[in-house]
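Beneath this line is the structure, given in structure tokens, with notes to follow.
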Amino acid sequence: MKKLIFKFQNKNLIKPKRVIVLGTSGIISVNLQKKLKKHNVKFIKIGKKNIDFKKKKSIQFLRKKIKDGDFIVFISAEAPAKNLKMKKNNIYICKNICSALVKKNIQNLIYISSDAVYSDTRKKIKENSLTKPNSIHGKMHLQREKILKKHFNNNFCIIRPTLVYGPGDTHLGYGPNRFIKLALKKKEISLFGNGEERRDHIYIDDLISILYKCILFNAVGTINAITGKIYSFLEIAELTNKISKNNSSITKSKRVGPMPHNGYRPFENSLLKNYFKELKIKKMKDGIKHYISQIK
């Protein structure tokens, strides 16, 4: 019997009675909240302003807030996890949330993971590719996936986004988010090495469209939120300068340490295309244009 990778349990669009968004301030949560509000989907958000998920008392707090039949979107994380302390904190968060949810008859649980869980490879990555990450961040997400899957395998969906950019970014991470902010301030864009790393980046609106459809169609299994296209950071910097009409220079610096993922991270997107036929994933130049139009 072929192992399930991903599927929609609902044949038609059905709004859940209520969505619980765990994690409130990051780019994904902020944009998901806007989407739910726009489409009149009832939701409540719970984040660190309400309770510290790392603390045991969060278990009882969540049990009081969450009702049977709720649809859970688990986004909360200390990210990116850069050290063992952050990794441990994220595992505490996951275990406490899990302890609260197992006492409830929830409709479904979507966990926002990361493409960092996959092993480095020169081949195109698929949803069933090997998951043996080298990074602390990847190991953290993979451990959280396993904890959740143990308890919610029959009503559980994992979305693994690649690098996310767009309005609502709070990290100013290396790539489109940082480059666009610098370009709009007419400041130079500094690259690591020659900017030769080639990565996949997904625009936040496209990620939210994927997440929203997974909610409406009660998705289970694992799906990569990717574009299937890779760009070097030099290409992204040059596109950003051209679109923003920034005359500042692009500088290159001596690289310290190895390139993440050996500088190459391609994805196979046939599963995404099959289930999200109506979604026109933005090309990098279109994403940059849209992002700039949103923040100018």
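Ligands are numbered from 1 in the order shown, residues from 1 within each chain, and chains are lettered A, B, ... in the order they appear in the structure tokens.
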
What are the closest atom pairs, with distances in Å to one decimal, for all residues of segment 129-202 of chain A lying within 7 Å of segment 114-120 of chain A? Consider only C-alpha atoms, order rows by chain and residue number, and present the result as JSON lines.
{"residue": "A:Ser129", "atom": "CA", "partner": "A:Tyr118", "partner_atom": "CA", "distance": 6.8}
{"residue": "A:Leu130", "atom": "CA", "partner": "A:Ser119", "partner_atom": "CA", "distance": 5.8}
{"residue": "A:Thr131", "atom": "CA", "partner": "A:Tyr118", "partner_atom": "CA", "distance": 4.2}
{"residue": "A:Lys132", "atom": "CA", "partner": "A:Ser119", "partner_atom": "CA", "distance": 4.7}
{"residue": "A:Pro133", "atom": "CA", "partner": "A:Ser119", "partner_atom": "CA", "distance": 4.9}
{"residue": "A:His137", "atom": "CA", "partner": "A:Ala116", "partner_atom": "CA", "distance": 6.8}
{"residue": "A:Gly138", "atom": "CA", "partner": "A:Val117", "partner_atom": "CA", "distance": 4.3}
{"residue": "A:Lys139", "atom": "CA", "partner": "A:Val117", "partner_atom": "CA", "distance": 6.4}
{"residue": "A:His141", "atom": "CA", "partner": "A:Val117", "partner_atom": "CA", "distance": 6.5}
{"residue": "A:Leu142", "atom": "CA", "partner": "A:Val117", "partner_atom": "CA", "distance": 5.6}
{"residue": "A:Arg160", "atom": "CA", "partner": "A:Ser114", "partner_atom": "CA", "distance": 4.3}
{"residue": "A:Pro161", "atom": "CA", "partner": "A:Ser114", "partner_atom": "CA", "distance": 5.1}
{"residue": "A:Thr162", "atom": "CA", "partner": "A:Asp115", "partner_atom": "CA", "distance": 5.2}

Selection near segment 9-19 of chain A, 8 Å with only C-alpha atoms, sequence-local residues under 5 positions removed, as a list of chain:residue names: A:Val41, A:Lys42, A:Phe43, A:Ile44, A:Gly69, A:Asp70, A:Phe71, A:Ile72, A:Val73, A:Ile215, A:Leu216, A:Phe217, A:Asn218, A:Ala219, A:Val220

Those in segment 93-259 of chain A with helix (DSSP H, G or I) from DSSP, as a PyMOL selection string: chain A and resi 93-101+115-117+136-155+176-184+204-216+233-244

Test item: residues at most 12 Å from Phe276 of chain A, only C-alpha atoms, excluding those fewer than 5 positions along its chain, as a list of chain:residue names: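 These residues fall inside the cut-off: A:Lys7, A:Phe8, A:Asp206, A:Leu207, A:Ser209, A:Ile210, A:Leu211, A:Tyr212, A:Lys213, A:Cys214, A:Phe217, A:Ile223, A:Asn224, A:Ala225, A:Ile226, A:Thr227, A:Asn269, A:Ser270, A:Leu271, A:Ile281.
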
Strand (DSSP E or B) per DSSP on the backbone: members of segment 22-270 of chain A, as an MDAnalysis selection string: chainID A and resid 22 43:46 71:74 108:112 125 156:161 163:165 189:193 198:199 201:203 219:225 231:232 250:253 264 267

Please dump the current selection as a short mmCIF file (atom, residue, chain, number, x, y, z; two decimals), in the first residue's frame; keep N, CA and C atoms.
data_model
loop_
_atom_site.label_atom_id
_atom_site.label_comp_id
_atom_site.auth_asym_id
_atom_site.auth_seq_id
_atom_site.Cartn_x
_atom_site.Cartn_y
_atom_site.Cartn_z
N LEU A 22 -1.77 29.67 17.23
CA LEU A 22 -0.78 29.65 18.30
C LEU A 22 0.50 30.29 17.80
N PHE A 43 -11.68 33.33 14.60
CA PHE A 43 -10.41 32.83 15.12
C PHE A 43 -10.04 33.59 16.39
N ILE A 44 -9.18 32.95 17.18
CA ILE A 44 -8.53 33.65 18.28
C ILE A 44 -7.04 33.38 18.18
N LYS A 45 -6.26 34.36 18.56
CA LYS A 45 -4.80 34.22 18.52
C LYS A 45 -4.28 34.15 19.96
N ILE A 46 -3.31 33.28 20.17
CA ILE A 46 -2.70 33.13 21.49
C ILE A 46 -1.19 33.14 21.32
N PHE A 71 -9.99 24.21 15.21
CA PHE A 71 -8.94 23.93 14.21
C PHE A 71 -7.69 24.67 14.67
N ILE A 72 -6.59 23.95 14.88
CA ILE A 72 -5.38 24.54 15.45
C ILE A 72 -4.33 24.79 14.37
N VAL A 73 -3.77 26.00 14.36
CA VAL A 73 -2.60 26.30 13.52
C VAL A 73 -1.45 26.65 14.46
N PHE A 74 -0.46 25.80 14.52
CA PHE A 74 0.67 25.91 15.43
C PHE A 74 1.84 26.57 14.69
N ASN A 108 -8.56 19.56 13.60
CA ASN A 108 -7.32 19.28 12.88
C ASN A 108 -6.22 20.15 13.46
N LEU A 109 -4.98 19.78 13.15
CA LEU A 109 -3.81 20.54 13.58
C LEU A 109 -2.88 20.72 12.40
N ILE A 110 -2.57 21.98 12.10
CA ILE A 110 -1.57 22.28 11.09
C ILE A 110 -0.34 22.82 11.80
N TYR A 111 0.81 22.21 11.52
CA TYR A 111 2.08 22.67 12.09
C TYR A 111 2.92 23.33 11.00
N ILE A 112 3.36 24.55 11.26
CA ILE A 112 4.24 25.24 10.31
C ILE A 112 5.68 24.90 10.65
N ILE A 125 14.40 18.33 -3.96
CA ILE A 125 13.79 17.84 -2.73
C ILE A 125 12.28 17.67 -2.90
N PHE A 156 -3.60 15.61 11.20
CA PHE A 156 -2.38 16.40 11.34
C PHE A 156 -1.79 16.71 9.98
N CYS A 157 -1.45 17.98 9.79
CA CYS A 157 -0.84 18.44 8.54
C CYS A 157 0.44 19.22 8.84
N ILE A 158 1.47 18.93 8.09
CA ILE A 158 2.74 19.65 8.22
C ILE A 158 2.96 20.46 6.94
N ILE A 159 3.17 21.76 7.11
CA ILE A 159 3.56 22.61 5.97
C ILE A 159 5.01 23.02 6.19
N ARG A 160 5.84 22.74 5.20
CA ARG A 160 7.27 23.05 5.29
C ARG A 160 7.63 24.15 4.29
N PRO A 161 7.60 25.41 4.75
CA PRO A 161 7.94 26.51 3.83
C PRO A 161 9.45 26.61 3.63
N LEU A 163 12.35 29.65 2.35
CA LEU A 163 12.57 31.01 2.85
C LEU A 163 11.40 31.91 2.47
N VAL A 164 10.86 32.62 3.46
CA VAL A 164 9.65 33.44 3.27
C VAL A 164 10.01 34.91 3.26
N TYR A 165 9.43 35.65 2.32
CA TYR A 165 9.67 37.10 2.28
C TYR A 165 8.36 37.83 2.02
N ILE A 189 23.89 46.99 -0.67
CA ILE A 189 23.52 45.63 -0.31
C ILE A 189 24.79 44.81 -0.20
N SER A 190 25.01 44.22 0.96
CA SER A 190 26.23 43.44 1.19
C SER A 190 25.91 41.95 1.09
N LEU A 191 26.69 41.24 0.29
CA LEU A 191 26.49 39.81 0.08
C LEU A 191 27.52 39.00 0.85
N PHE A 192 27.13 37.80 1.24
CA PHE A 192 28.09 36.85 1.80
C PHE A 192 28.82 36.21 0.62
N GLY A 193 30.15 36.27 0.64
CA GLY A 193 30.91 35.74 -0.48
C GLY A 193 30.54 36.49 -1.75
N ARG A 198 22.25 29.44 -4.14
CA ARG A 198 20.98 29.42 -4.89
C ARG A 198 19.90 28.78 -4.02
N ARG A 199 18.86 29.58 -3.75
CA ARG A 199 17.81 29.12 -2.84
C ARG A 199 16.43 29.43 -3.41
N HIS A 201 12.71 30.92 -2.62
CA HIS A 201 12.04 31.87 -1.72
C HIS A 201 10.57 31.95 -2.10
N ILE A 202 9.69 31.90 -1.10
CA ILE A 202 8.26 32.01 -1.37
C ILE A 202 7.71 33.31 -0.80
N TYR A 203 6.87 33.98 -1.59
CA TYR A 203 6.25 35.23 -1.16
C TYR A 203 5.17 34.91 -0.12
N ALA A 219 -6.67 19.57 5.42
CA ALA A 219 -5.56 18.81 4.87
C ALA A 219 -4.88 17.93 5.91
N VAL A 220 -4.39 16.79 5.46
CA VAL A 220 -3.55 15.92 6.28
C VAL A 220 -2.32 15.52 5.46
N GLY A 221 -1.24 15.19 6.17
CA GLY A 221 -0.02 14.82 5.48
C GLY A 221 0.99 15.95 5.47
N THR A 222 1.89 15.91 4.51
CA THR A 222 2.99 16.88 4.45
C THR A 222 3.06 17.53 3.08
N ILE A 223 3.22 18.85 3.07
CA ILE A 223 3.35 19.60 1.81
C ILE A 223 4.45 20.64 1.94
N ASN A 224 5.26 20.76 0.92
CA ASN A 224 6.29 21.80 0.89
C ASN A 224 5.70 23.08 0.28
N ALA A 225 5.89 24.19 0.97
CA ALA A 225 5.45 25.49 0.44
C ALA A 225 6.66 26.12 -0.23
N TYR A 231 17.12 31.01 -7.06
CA TYR A 231 17.85 32.20 -7.48
C TYR A 231 19.07 32.36 -6.59
N SER A 232 20.15 32.86 -7.17
CA SER A 232 21.31 33.19 -6.34
C SER A 232 21.00 34.49 -5.60
N ILE A 250 26.32 46.95 -4.86
CA ILE A 250 26.23 45.63 -4.26
C ILE A 250 27.65 45.20 -3.93
N THR A 251 27.93 44.97 -2.67
CA THR A 251 29.28 44.62 -2.26
C THR A 251 29.38 43.15 -1.90
N LYS A 252 30.55 42.60 -2.08
CA LYS A 252 30.81 41.19 -1.76
C LYS A 252 31.85 41.13 -0.64
N SER A 253 31.69 40.14 0.21
CA SER A 253 32.59 40.04 1.35
C SER A 253 33.17 38.63 1.45
N TYR A 264 23.11 25.17 -2.44
CA TYR A 264 22.18 24.72 -3.49
C TYR A 264 21.01 24.00 -2.85
N PHE A 267 13.87 22.41 -5.29
CA PHE A 267 12.69 21.66 -4.88
C PHE A 267 11.88 21.19 -6.08
#

Atomic distance atom CA of Ile243 of chain A - atom CA of Ser293 of chain A, expressed in Å with one decimal: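 Taking atom CA of Ile243 of chain A as the start and atom CA of Ser293 of chain A as the end point, the length is 10.6 Å.
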
Counting only C-alpha atoms, the option among A:Leu234, A:Ile93, A:Ile28, A:Leu36 closest to Arg144 of chain A: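 Closest to Arg144 of chain A, using only C-alpha atoms: A:Ile93.
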